[in-house]
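Working notes for the structure below.
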Amino acid sequence: MFLTSNMGSGVRVVVLGISQDGGFPQAGCNLDCCQSVKNNLSLTKHPVSMGIIGSDGSKHLIEATRDLAWQLNLWNTIESNETLLSSLWITHAHHGHIDGLGLFGKEVINAKKLNVHCSESLSKLIKRTPNWNLLVESENIIINPFINSISYTPSPNCGFKIKPIKIPHRAELSDMHAFLIIGPNKNLLFLPDHDTWESTLKFVNRRTIRDWFKAERIDFALIDGTFWSSNELVGRNQKNVPHPTVSETLKLIGNKKFEDPVIKFTHLNHTNPLNNKSSNEFLKVKKMGWSVADEGEIFKI
Ligand SMILES: [Zn+2]
Ligand SMILES: [Zn+2]
Ligand SMILES: [Zn+2]
């Protein structure tokens, strides 16, 4: 499925997880969606996460999920590179994006001054949360709060930059930032969660999705594909779990045109038919020229 040798030089991004925060299968789900995985464990998917390898071989992780052991192992298998992480970037405080942070502590990795990059609001939450603050006090992690729309070089010779972009997303714990990864040749947008396209586009001051992607010179966009449709929220109030559905996004972007970036859906809920590669919904996305992100997939930027 993926190359097992070192991928050589150049900056590249590896997809380490494509599930919504709860993973797939999801705890407590006895419906058909998760039953299929219980019968075939190779269909298991992990909470959304990405790894970036700099041109100097340095490693940078986006999101700290509870499946970190599996994800780092996948990454090492693909790259034959067991270098320690140089930095960790976290989009927001919702469960699956940060619940693995404690793994950097004494009981597991026992990291030494790992640079963690997050917003001011998330850094305050980390310091207010006793078991995470212990990581700060023990110097397992050093928190570097970032500022919206400023590009950062994660380590001196990594050859790429990360620009956090503030995005409206239910902010009961912290705010949310998408990450634009600016490589020497290409740019990749990571937007796993947001509330609505209307509020996001208003916030970034663009009229359409294409206008925004063009303005940021985006070549690859990994975007929120949590739900296929609002039917998946039976028994839940959609206002409590707001995400633009994939159906809505497809209506807004239509078919892929030659000059469009590669757009891939990620952060899939366990109920999303896009988890099944032979579903009509999966085929529809493909037919329109778009796709679904795959764990182990590599983007050279
Ligand atoms: Zn999420
Ligand atoms: Zn399920
Ligand atoms: Zn979220």
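Identifiers in this document derive from the order of the structure tokens: chains are assigned A, B, ..., residues are numbered from 1 separately in each chain, and ligands are numbered from 1 in order of occurrence.
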List as a Markdown table every residue of chain A that is in contact with ligand 3, defined as an atom at most 7 Å from one of its atoms (using only C-alpha atoms and all ligand atoms), together with the nearest atom pair and the distance in Å rounded to one decimal, sorted by chain and then rising number.
| residue | atom | partner | partner_atom_place_in_ligand_line | distance |
| --- | --- | --- | --- | --- |
| A:His92 | CA | ligand 3 | 1 (Zn) | 6.8 |
| A:His94 | CA | ligand 3 | 1 (Zn) | 4.9 |
| A:His169 | CA | ligand 3 | 1 (Zn) | 6.7 |
| A:Asp193 | CA | ligand 3 | 1 (Zn) | 5.2 |
Practice problem: Taking only C-alpha atoms and all ligand atoms into account, report as a list in words which residues have an atom no farther than 9 Å from an atom of ligand 1. | Solution: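 The distance check yields Ser19, Gln20, Asp21, Gly22, Pro47, Val48, His92, Ala93, His94, His95, Gly96, His97, Pro192, Asp193, His194, Asp224, Thr226 and His267 of chain A.
For the pair CA of Phe179 (chain A) and CA of Lys166 (chain A), the interatomic distance is 8.8 Å.
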Exercise. Could I get the residue neighbourhood of ligand 2 at 9 Å, counting only C-alpha atoms and all ligand atoms, as a PyMOL selection string?
Key: chain A and resi 24-37+269-272
Please list as a PDB file with N, CA and C atoms, in the first residue's frame every residue within 10 Å of Glu295 (chain A), counting only C-alpha atoms and excluding residues in the same chain fewer than 6 positions away.
ATOM      1  N   MET A   1       0.822  -1.214   0.000  1.00  0.00           N
ATOM      2  CA  MET A   1       0.000   0.000   0.000  1.00  0.00           C
ATOM      3  C   MET A   1       0.859   1.269   0.000  1.00  0.00           C
ATOM      4  N   PHE A   2       1.947   1.275   0.795  1.00  0.00           N
ATOM      5  CA  PHE A   2       2.826   2.435   0.724  1.00  0.00           C
ATOM      6  C   PHE A   2       4.278   1.982   0.691  1.00  0.00           C
ATOM      7  N   VAL A  14       2.519  13.246   5.534  1.00  0.00           N
ATOM      8  CA  VAL A  14       1.964  11.891   5.581  1.00  0.00           C
ATOM      9  C   VAL A  14       0.649  11.923   6.355  1.00  0.00           C
ATOM     10  N   VAL A  15      -0.376  11.317   5.799  1.00  0.00           N
ATOM     11  CA  VAL A  15      -1.667  11.244   6.492  1.00  0.00           C
ATOM     12  C   VAL A  15      -1.601  10.117   7.514  1.00  0.00           C
ATOM     13  N   LEU A  16      -1.835  10.442   8.794  1.00  0.00           N
ATOM     14  CA  LEU A  16      -1.717   9.432   9.860  1.00  0.00           C
ATOM     15  C   LEU A  16      -3.068   9.044  10.465  1.00  0.00           C
ATOM     16  N   GLY A  17      -4.116   9.720  10.065  1.00  0.00           N
ATOM     17  CA  GLY A  17      -5.446   9.381  10.570  1.00  0.00           C
ATOM     18  C   GLY A  17      -6.480  10.161   9.792  1.00  0.00           C
ATOM     19  N   ILE A  18      -7.642   9.550   9.541  1.00  0.00           N
ATOM     20  CA  ILE A  18      -8.687  10.254   8.768  1.00  0.00           C
ATOM     21  C   ILE A  18     -10.052  10.218   9.460  1.00  0.00           C
ATOM     22  N   SER A  19     -10.109   9.781  10.730  1.00  0.00           N
ATOM     23  CA  SER A  19     -11.397   9.683  11.415  1.00  0.00           C
ATOM     24  C   SER A  19     -11.721  10.942  12.198  1.00  0.00           C
ATOM     25  N   LYS A  45      -9.977   2.811  11.417  1.00  0.00           N
ATOM     26  CA  LYS A  45      -9.355   4.097  11.095  1.00  0.00           C
ATOM     27  C   LYS A  45      -9.086   4.861  12.394  1.00  0.00           C
ATOM     28  N   HIS A  46      -8.193   5.833  12.306  1.00  0.00           N
ATOM     29  CA  HIS A  46      -7.687   6.518  13.501  1.00  0.00           C
ATOM     30  C   HIS A  46      -8.007   8.012  13.453  1.00  0.00           C
ATOM     31  N   VAL A  48      -7.999  11.964  13.220  1.00  0.00           N
ATOM     32  CA  VAL A  48      -7.285  12.755  12.216  1.00  0.00           C
ATOM     33  C   VAL A  48      -5.932  13.251  12.741  1.00  0.00           C
ATOM     34  N   SER A  49      -4.910  13.088  11.918  1.00  0.00           N
ATOM     35  CA  SER A  49      -3.547  13.480  12.298  1.00  0.00           C
ATOM     36  C   SER A  49      -2.674  13.472  11.042  1.00  0.00           C
ATOM     37  N   MET A  50      -1.616  14.280  11.059  1.00  0.00           N
ATOM     38  CA  MET A  50      -0.680  14.280   9.930  1.00  0.00           C
ATOM     39  C   MET A  50       0.746  14.429  10.439  1.00  0.00           C
ATOM     40  N   GLN A  71       0.097   5.511  15.061  1.00  0.00           N
ATOM     41  CA  GLN A  71       0.389   6.516  14.038  1.00  0.00           C
ATOM     42  C   GLN A  71       1.893   6.723  13.843  1.00  0.00           C
ATOM     43  N   LEU A  74       3.203   3.709  11.972  1.00  0.00           N
ATOM     44  CA  LEU A  74       2.896   3.805  10.529  1.00  0.00           C
ATOM     45  C   LEU A  74       3.907   4.725   9.840  1.00  0.00           C
ATOM     46  N   TRP A  75       4.138   5.869  10.475  1.00  0.00           N
ATOM     47  CA  TRP A  75       5.049   6.868   9.924  1.00  0.00           C
ATOM     48  C   TRP A  75       6.468   6.307   9.796  1.00  0.00           C
ATOM     49  N   THR A 266     -11.571  14.479   4.921  1.00  0.00           N
ATOM     50  CA  THR A 266     -10.969  13.769   6.044  1.00  0.00           C
ATOM     51  C   THR A 266     -11.823  14.004   7.293  1.00  0.00           C
TER      52      THR A 266
END
Would you please give, as an mmCIF file with N, CA, C and O atoms, in the first residue's frame, all residues of region 147-212 of chain A that DSSP assigns to strand (DSSP E or B) based on the backbone?
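The resulting file, states_5.cif, is reproduced below:
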data_model
loop_
_atom_site.group_PDB
_atom_site.id
_atom_site.type_symbol
_atom_site.label_atom_id
_atom_site.label_comp_id
_atom_site.auth_asym_id
_atom_site.auth_seq_id
_atom_site.Cartn_x
_atom_site.Cartn_y
_atom_site.Cartn_z
ATOM 1 N N TYR A 152 5.150 30.444 10.466
ATOM 2 C CA TYR A 152 6.224 30.029 11.368
ATOM 3 C C TYR A 152 7.091 28.957 10.726
ATOM 4 O O TYR A 152 6.577 28.084 10.023
ATOM 5 N N LYS A 161 7.069 26.122 6.081
ATOM 6 C CA LYS A 161 6.470 26.984 7.110
ATOM 7 C C LYS A 161 5.056 26.515 7.406
ATOM 8 O O LYS A 161 4.442 25.847 6.575
ATOM 9 N N ILE A 162 4.572 26.894 8.570
ATOM 10 C CA ILE A 162 3.171 26.625 8.908
ATOM 11 C C ILE A 162 2.494 27.943 9.235
ATOM 12 O O ILE A 162 3.007 28.730 10.047
ATOM 13 N N LYS A 163 1.375 28.186 8.550
ATOM 14 C CA LYS A 163 0.597 29.398 8.852
ATOM 15 C C LYS A 163 -0.734 28.994 9.477
ATOM 16 O O LYS A 163 -1.561 28.376 8.817
ATOM 17 N N PRO A 164 -0.952 29.288 10.781
ATOM 18 C CA PRO A 164 -2.253 29.012 11.392
ATOM 19 C C PRO A 164 -3.300 30.005 10.877
ATOM 20 O O PRO A 164 -2.997 31.191 10.745
ATOM 21 N N ILE A 165 -4.479 29.504 10.565
ATOM 22 C CA ILE A 165 -5.570 30.373 10.093
ATOM 23 C C ILE A 165 -6.768 30.158 11.013
ATOM 24 O O ILE A 165 -7.304 29.051 11.078
ATOM 25 N N LYS A 166 -7.163 31.200 11.714
ATOM 26 C CA LYS A 166 -8.275 31.072 12.678
ATOM 27 C C LYS A 166 -9.580 30.812 11.933
ATOM 28 O O LYS A 166 -9.863 31.457 10.916
ATOM 29 N N ILE A 167 -10.351 29.841 12.452
ATOM 30 C CA ILE A 167 -11.564 29.374 11.766
ATOM 31 C C ILE A 167 -12.693 29.276 12.793
ATOM 32 O O ILE A 167 -12.481 28.745 13.892
ATOM 33 N N MET A 176 -10.102 27.606 17.246
ATOM 34 C CA MET A 176 -9.670 26.584 16.275
ATOM 35 C C MET A 176 -8.862 27.261 15.166
ATOM 36 O O MET A 176 -9.215 28.343 14.709
ATOM 37 N N HIS A 177 -7.772 26.622 14.795
ATOM 38 C CA HIS A 177 -6.977 27.119 13.663
ATOM 39 C C HIS A 177 -6.770 25.998 12.652
ATOM 40 O O HIS A 177 -6.402 24.880 13.034
ATOM 41 N N ALA A 178 -7.017 26.308 11.383
ATOM 42 C CA ALA A 178 -6.589 25.411 10.304
ATOM 43 C C ALA A 178 -5.096 25.662 10.128
ATOM 44 O O ALA A 178 -4.575 26.688 10.589
ATOM 45 N N PHE A 179 -4.386 24.740 9.472
ATOM 46 C CA PHE A 179 -2.965 24.967 9.206
ATOM 47 C C PHE A 179 -2.705 24.962 7.706
ATOM 48 O O PHE A 179 -3.131 24.033 7.006
ATOM 49 N N LEU A 180 -2.028 26.004 7.253
ATOM 50 C CA LEU A 180 -1.561 26.019 5.869
ATOM 51 C C LEU A 180 -0.085 25.636 5.921
ATOM 52 O O LEU A 180 0.716 26.336 6.557
ATOM 53 N N ILE A 181 0.259 24.522 5.295
ATOM 54 C CA ILE A 181 1.650 24.073 5.296
ATOM 55 C C ILE A 181 2.277 24.534 3.982
ATOM 56 O O ILE A 181 1.836 24.132 2.900
ATOM 57 N N ILE A 182 3.236 25.421 4.123
ATOM 58 C CA ILE A 182 3.821 26.079 2.955
ATOM 59 C C ILE A 182 5.153 25.411 2.630
ATOM 60 O O ILE A 182 6.154 25.616 3.318
ATOM 61 N N ASN A 187 1.612 24.029 -1.523
ATOM 62 C CA ASN A 187 0.965 24.363 -0.245
ATOM 63 C C ASN A 187 -0.160 23.384 0.043
ATOM 64 O O ASN A 187 -0.907 23.008 -0.864
ATOM 65 N N LEU A 188 -0.272 22.997 1.305
ATOM 66 C CA LEU A 188 -1.319 22.055 1.711
ATOM 67 C C LEU A 188 -2.134 22.659 2.851
ATOM 68 O O LEU A 188 -1.567 23.131 3.837
ATOM 69 N N LEU A 189 -3.457 22.646 2.712
ATOM 70 C CA LEU A 189 -4.334 23.154 3.768
ATOM 71 C C LEU A 189 -4.894 21.986 4.565
ATOM 72 O O LEU A 189 -5.388 21.008 3.993
ATOM 73 N N PHE A 190 -4.843 22.086 5.889
ATOM 74 C CA PHE A 190 -5.431 21.086 6.789
ATOM 75 C C PHE A 190 -6.565 21.763 7.548
ATOM 76 O O PHE A 190 -6.327 22.610 8.412
ATOM 77 N N LEU A 191 -7.787 21.432 7.195
ATOM 78 C CA LEU A 191 -8.991 22.033 7.792
ATOM 79 C C LEU A 191 -9.920 20.904 8.235
ATOM 80 O O LEU A 191 -10.887 20.584 7.563
#
Quiz prompt | Option closest in space to Phe227 (chain A), from A:Gly183, A:Gly296, A:Gly51, A:Pro242 [counting only C-alpha atoms] | solution =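 Of all the options, A:Pro242 lies closest to Phe227 (chain A).
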May I have the residues within 8 Å of Leu274 (chain A) as an mmCIF file with N, CA, C and O atoms, in the first residue's frame, using only C-alpha atoms and disregarding those fewer than 4 positions away in the same chain?
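Output contents, as saved in part-v3.cif:
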data_model
loop_
_atom_site.group_PDB
_atom_site.id
_atom_site.type_symbol
_atom_site.label_atom_id
_atom_site.label_comp_id
_atom_site.auth_asym_id
_atom_site.auth_seq_id
_atom_site.Cartn_x
_atom_site.Cartn_y
_atom_site.Cartn_z
ATOM 1 N N TRP A 228 -21.627 12.832 5.769
ATOM 2 C CA TRP A 228 -22.086 12.891 4.377
ATOM 3 C C TRP A 228 -23.333 13.764 4.292
ATOM 4 O O TRP A 228 -23.443 14.639 3.460
ATOM 5 N N LEU A 268 -13.631 11.768 9.027
ATOM 6 C CA LEU A 268 -14.912 11.115 8.748
ATOM 7 C C LEU A 268 -15.525 10.535 10.021
ATOM 8 O O LEU A 268 -14.859 9.802 10.762
ATOM 9 N N SER A 279 -19.105 2.365 -1.601
ATOM 10 C CA SER A 279 -20.432 2.986 -1.472
ATOM 11 C C SER A 279 -20.696 3.923 -2.652
ATOM 12 O O SER A 279 -19.764 4.430 -3.289
ATOM 13 N N GLU A 281 -21.786 6.854 -2.435
ATOM 14 C CA GLU A 281 -21.318 8.188 -2.056
ATOM 15 C C GLU A 281 -19.826 8.344 -2.380
ATOM 16 O O GLU A 281 -19.399 9.364 -2.916
ATOM 17 N N PHE A 282 -19.040 7.295 -2.076
ATOM 18 C CA PHE A 282 -17.597 7.327 -2.370
ATOM 19 C C PHE A 282 -17.386 7.481 -3.887
ATOM 20 O O PHE A 282 -16.563 8.278 -4.347
ATOM 21 N N VAL A 292 -11.201 10.973 -1.057
ATOM 22 C CA VAL A 292 -11.182 10.846 0.400
ATOM 23 C C VAL A 292 -9.731 10.547 0.785
ATOM 24 O O VAL A 292 -9.070 9.742 0.119
#
Write down as a compact mmCIF listing (two decimals) with N, CA and C atoms, in the first residue's frame the residues of region 33-258 of chain A whose backbone DSSP state falls under helix (DSSP H, G or I).
# COMPACT_ATOMS: atom_id res chain seq x y z
N CYS A 33 -22.57 0.41 10.81
CA CYS A 33 -21.34 1.11 10.39
C CYS A 33 -20.13 0.53 11.13
N CYS A 34 -20.25 0.35 12.44
CA CYS A 34 -19.09 -0.10 13.21
C CYS A 34 -19.02 -1.62 13.31
N GLN A 35 -20.17 -2.27 13.08
CA GLN A 35 -20.19 -3.73 13.10
C GLN A 35 -19.25 -4.27 12.00
N SER A 36 -19.27 -3.61 10.84
CA SER A 36 -18.45 -4.07 9.71
C SER A 36 -16.96 -4.07 10.08
N VAL A 37 -16.55 -3.10 10.90
CA VAL A 37 -15.13 -3.02 11.28
C VAL A 37 -14.79 -4.08 12.32
N LYS A 38 -15.78 -4.35 13.20
CA LYS A 38 -15.51 -5.36 14.23
C LYS A 38 -15.28 -6.72 13.57
N ASN A 39 -15.90 -6.93 12.40
CA ASN A 39 -15.71 -8.19 11.67
C ASN A 39 -14.48 -8.18 10.79
N LEU A 41 -10.94 -6.08 11.11
CA LEU A 41 -10.18 -5.03 11.79
C LEU A 41 -9.30 -4.20 10.87
N SER A 42 -9.02 -4.71 9.65
CA SER A 42 -8.18 -3.93 8.74
C SER A 42 -8.90 -2.66 8.27
N LEU A 43 -10.21 -2.57 8.54
CA LEU A 43 -10.96 -1.37 8.15
C LEU A 43 -10.88 -0.27 9.23
N LEU A 68 -1.53 7.54 19.01
CA LEU A 68 -0.17 7.99 18.66
C LEU A 68 0.79 6.82 18.41
N ALA A 69 0.69 5.77 19.21
CA ALA A 69 1.61 4.64 19.03
C ALA A 69 1.44 4.05 17.63
N TRP A 70 0.20 3.81 17.23
CA TRP A 70 -0.07 3.24 15.90
C TRP A 70 0.39 4.22 14.82
N GLN A 71 0.10 5.51 15.06
CA GLN A 71 0.39 6.52 14.04
C GLN A 71 1.89 6.72 13.84
N LEU A 72 2.65 6.76 14.96
CA LEU A 72 4.11 6.92 14.83
C LEU A 72 4.72 5.68 14.18
N ASN A 73 4.15 4.53 14.48
CA ASN A 73 4.63 3.29 13.89
C ASN A 73 4.39 3.26 12.38
N LEU A 74 3.20 3.71 11.97
CA LEU A 74 2.90 3.81 10.53
C LEU A 74 3.91 4.72 9.84
N TRP A 75 4.14 5.87 10.48
CA TRP A 75 5.05 6.87 9.92
C TRP A 75 6.47 6.31 9.80
N ASN A 76 6.94 5.63 10.86
CA ASN A 76 8.29 5.04 10.82
C ASN A 76 8.39 3.95 9.75
N THR A 77 7.30 3.21 9.55
CA THR A 77 7.31 2.16 8.54
C THR A 77 7.43 2.77 7.15
N ILE A 78 6.72 3.87 6.94
CA ILE A 78 6.75 4.51 5.62
C ILE A 78 8.10 5.15 5.35
N GLU A 79 8.66 5.79 6.37
CA GLU A 79 9.84 6.63 6.14
C GLU A 79 11.16 6.01 6.58
N HIS A 95 -11.78 16.70 21.79
CA HIS A 95 -11.21 15.46 22.33
C HIS A 95 -10.14 14.77 21.47
N GLY A 96 -10.50 14.34 20.28
CA GLY A 96 -9.59 13.49 19.50
C GLY A 96 -8.36 14.20 18.98
N HIS A 97 -8.33 15.53 19.05
CA HIS A 97 -7.20 16.29 18.51
C HIS A 97 -6.09 16.47 19.54
N ILE A 98 -6.44 16.20 20.80
CA ILE A 98 -5.48 16.50 21.87
C ILE A 98 -5.42 15.41 22.95
N LEU A 101 -2.10 13.97 24.22
CA LEU A 101 -1.00 14.84 24.70
C LEU A 101 -0.28 14.22 25.90
N GLY A 102 -1.04 13.59 26.79
CA GLY A 102 -0.45 12.98 27.98
C GLY A 102 0.58 11.90 27.66
N LEU A 103 0.53 11.36 26.44
CA LEU A 103 1.48 10.30 26.05
C LEU A 103 2.92 10.84 25.97
N PHE A 104 3.07 12.17 25.92
CA PHE A 104 4.42 12.74 25.89
C PHE A 104 5.03 12.84 27.29
N GLU A 120 -3.09 30.90 21.75
CA GLU A 120 -3.03 31.41 23.14
C GLU A 120 -4.15 30.77 23.96
N SER A 121 -5.34 30.66 23.36
CA SER A 121 -6.48 30.15 24.12
C SER A 121 -6.27 28.67 24.46
N LEU A 122 -5.71 27.90 23.55
CA LEU A 122 -5.45 26.48 23.84
C LEU A 122 -4.31 26.35 24.85
N SER A 123 -3.32 27.23 24.76
CA SER A 123 -2.20 27.14 25.71
C SER A 123 -2.69 27.40 27.14
N LYS A 124 -3.67 28.32 27.27
CA LYS A 124 -4.23 28.59 28.61
C LYS A 124 -4.98 27.37 29.12
N LEU A 125 -5.71 26.70 28.23
CA LEU A 125 -6.45 25.49 28.64
C LEU A 125 -5.48 24.39 29.09
N ILE A 126 -4.38 24.23 28.36
CA ILE A 126 -3.38 23.20 28.73
C ILE A 126 -2.85 23.49 30.14
N LYS A 127 -2.56 24.78 30.39
CA LYS A 127 -2.00 25.13 31.71
C LYS A 127 -3.04 25.04 32.83
N ARG A 128 -4.32 25.16 32.46
CA ARG A 128 -5.39 25.05 33.47
C ARG A 128 -5.75 23.60 33.78
N PRO A 130 -4.80 20.10 35.06
CA PRO A 130 -3.67 19.62 35.88
C PRO A 130 -2.80 18.56 35.21
N ASN A 131 -3.39 17.53 34.57
CA ASN A 131 -2.52 16.47 34.02
C ASN A 131 -1.72 16.95 32.80
N TRP A 132 -2.22 17.96 32.07
CA TRP A 132 -1.44 18.52 30.96
C TRP A 132 -0.41 19.52 31.49
N ASN A 133 -0.81 20.28 32.53
CA ASN A 133 0.12 21.26 33.08
C ASN A 133 1.36 20.58 33.66
N LEU A 134 1.17 19.35 34.13
CA LEU A 134 2.31 18.59 34.65
C LEU A 134 3.38 18.41 33.57
N LEU A 135 2.96 18.25 32.32
CA LEU A 135 3.91 18.12 31.20
C LEU A 135 4.72 19.41 31.03
N VAL A 136 4.04 20.54 31.27
CA VAL A 136 4.71 21.84 31.14
C VAL A 136 5.71 21.99 32.29
N GLU A 137 5.23 21.67 33.50
CA GLU A 137 6.10 21.82 34.68
C GLU A 137 7.30 20.88 34.64
N TRP A 197 -19.48 26.66 5.94
CA TRP A 197 -18.68 27.37 4.92
C TRP A 197 -18.98 28.86 4.97
N GLU A 198 -20.25 29.19 5.26
CA GLU A 198 -20.63 30.60 5.29
C GLU A 198 -19.79 31.36 6.33
N SER A 199 -19.71 30.79 7.55
CA SER A 199 -18.97 31.51 8.59
C SER A 199 -17.46 31.48 8.32
N THR A 200 -16.95 30.36 7.80
CA THR A 200 -15.51 30.29 7.52
C THR A 200 -15.12 31.29 6.44
N LEU A 201 -15.89 31.31 5.34
CA LEU A 201 -15.53 32.20 4.23
C LEU A 201 -15.66 33.67 4.66
N LYS A 202 -16.67 33.95 5.48
CA LYS A 202 -16.84 35.32 5.97
C LYS A 202 -15.62 35.71 6.82
N PHE A 203 -15.19 34.77 7.64
CA PHE A 203 -14.07 35.03 8.56
C PHE A 203 -12.77 35.27 7.80
N ILE A 209 -15.24 29.12 -1.92
CA ILE A 209 -14.16 28.21 -1.53
C ILE A 209 -13.00 28.34 -2.52
N ARG A 210 -13.33 28.40 -3.81
CA ARG A 210 -12.27 28.54 -4.82
C ARG A 210 -11.47 29.84 -4.66
N ASP A 211 -12.19 30.93 -4.34
CA ASP A 211 -11.49 32.22 -4.14
C ASP A 211 -10.47 32.08 -3.01
N TRP A 212 -10.91 31.43 -1.92
CA TRP A 212 -10.03 31.28 -0.75
C TRP A 212 -8.82 30.42 -1.11
N PHE A 213 -9.06 29.27 -1.73
CA PHE A 213 -7.97 28.34 -2.03
C PHE A 213 -6.99 28.98 -3.02
N LYS A 214 -7.53 29.78 -3.93
CA LYS A 214 -6.67 30.44 -4.92
C LYS A 214 -5.81 31.51 -4.23
N ALA A 215 -6.44 32.27 -3.34
CA ALA A 215 -5.71 33.35 -2.66
C ALA A 215 -4.56 32.79 -1.81
N SER A 230 -26.97 15.37 6.83
CA SER A 230 -27.46 15.62 8.19
C SER A 230 -28.29 14.44 8.70
N ASN A 231 -28.64 13.46 7.82
CA ASN A 231 -29.37 12.27 8.29
C ASN A 231 -28.56 11.48 9.31
N GLU A 232 -27.23 11.67 9.30
CA GLU A 232 -26.38 10.92 10.24
C GLU A 232 -26.51 11.42 11.67
N LEU A 233 -27.21 12.53 11.83
CA LEU A 233 -27.31 13.12 13.16
C LEU A 233 -28.64 12.83 13.82
N GLN A 238 -28.29 19.07 15.29
CA GLN A 238 -27.13 19.42 14.46
C GLN A 238 -26.43 20.69 14.96
N LYS A 239 -27.19 21.54 15.66
CA LYS A 239 -26.57 22.77 16.18
C LYS A 239 -25.44 22.44 17.16
N ASN A 240 -25.56 21.27 17.84
CA ASN A 240 -24.53 20.90 18.82
C ASN A 240 -23.30 20.31 18.15
N VAL A 246 -20.58 16.78 3.60
CA VAL A 246 -19.87 16.59 2.32
C VAL A 246 -20.82 16.93 1.17
N SER A 247 -22.10 16.53 1.30
CA SER A 247 -23.09 16.85 0.25
C SER A 247 -23.15 18.36 0.00
N GLU A 248 -23.16 19.13 1.09
CA GLU A 248 -23.20 20.60 0.92
C GLU A 248 -21.93 21.10 0.25
N THR A 249 -20.79 20.57 0.68
CA THR A 249 -19.51 21.02 0.10
C THR A 249 -19.47 20.69 -1.40
N LEU A 250 -19.94 19.50 -1.75
CA LEU A 250 -19.94 19.11 -3.17
C LEU A 250 -20.84 20.05 -3.98
N LYS A 251 -21.96 20.45 -3.39
CA LYS A 251 -22.87 21.38 -4.09
C LYS A 251 -22.15 22.70 -4.34
N LEU A 252 -21.37 23.14 -3.35
CA LEU A 252 -20.68 24.43 -3.48
C LEU A 252 -19.53 24.37 -4.48
N ILE A 253 -18.81 23.26 -4.54
CA ILE A 253 -17.62 23.22 -5.41
C ILE A 253 -17.91 22.60 -6.78
Skipping near chain neighbours, those fewer than 5 positions away, what residues fall within 12 Å of Asn157 (chain A) using only C-alpha atoms, listed as a CSV table (one decimal) with N, CA and C atoms, in the first residue's frame?
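Writing the result to out.csv gives the following:
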chain,number,residue,atom,x,y,z
A,10,GLY,N,13.3,16.4,0.4
A,10,GLY,CA,12.1,17.1,0.0
A,10,GLY,C,11.1,17.0,1.2
A,11,VAL,N,10.3,18.1,1.2
A,11,VAL,CA,9.3,18.2,2.3
A,11,VAL,C,8.1,17.3,1.9
A,53,ILE,N,7.6,15.8,7.2
A,53,ILE,CA,9.1,15.6,7.3
A,53,ILE,C,9.7,16.8,6.6
A,54,GLY,N,10.6,17.5,7.3
A,54,GLY,CA,11.3,18.6,6.7
A,54,GLY,C,12.4,18.1,5.7
A,55,SER,N,12.9,19.1,4.9
A,55,SER,CA,13.9,18.7,4.0
A,55,SER,C,15.2,18.3,4.7
A,56,ASP,N,15.4,18.6,6.0
A,56,ASP,CA,16.5,18.1,6.8
A,56,ASP,C,16.2,16.8,7.5
A,57,GLY,N,15.1,16.2,7.3
A,57,GLY,CA,14.7,14.9,7.9
A,57,GLY,C,14.0,15.1,9.3
A,58,SER,N,13.8,16.4,9.7
A,58,SER,CA,13.2,16.6,11.0
A,58,SER,C,11.7,16.3,10.9
A,59,LYS,N,11.1,15.8,12.0
A,59,LYS,CA,9.7,15.4,12.0
A,59,LYS,C,8.8,16.3,12.8
A,86,SER,N,10.4,17.0,16.3
A,86,SER,CA,10.9,18.3,16.5
A,86,SER,C,9.8,19.3,17.0
Self-check item: Atom-to-atom span, CA of Pro261 (chain A) and CA of Phe220 (chain A), Å
Solution: 5.6 Å
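Going from CA of Ile90 (chain A) over to CA of Glu63 (chain A), you cover 4.7 Å.
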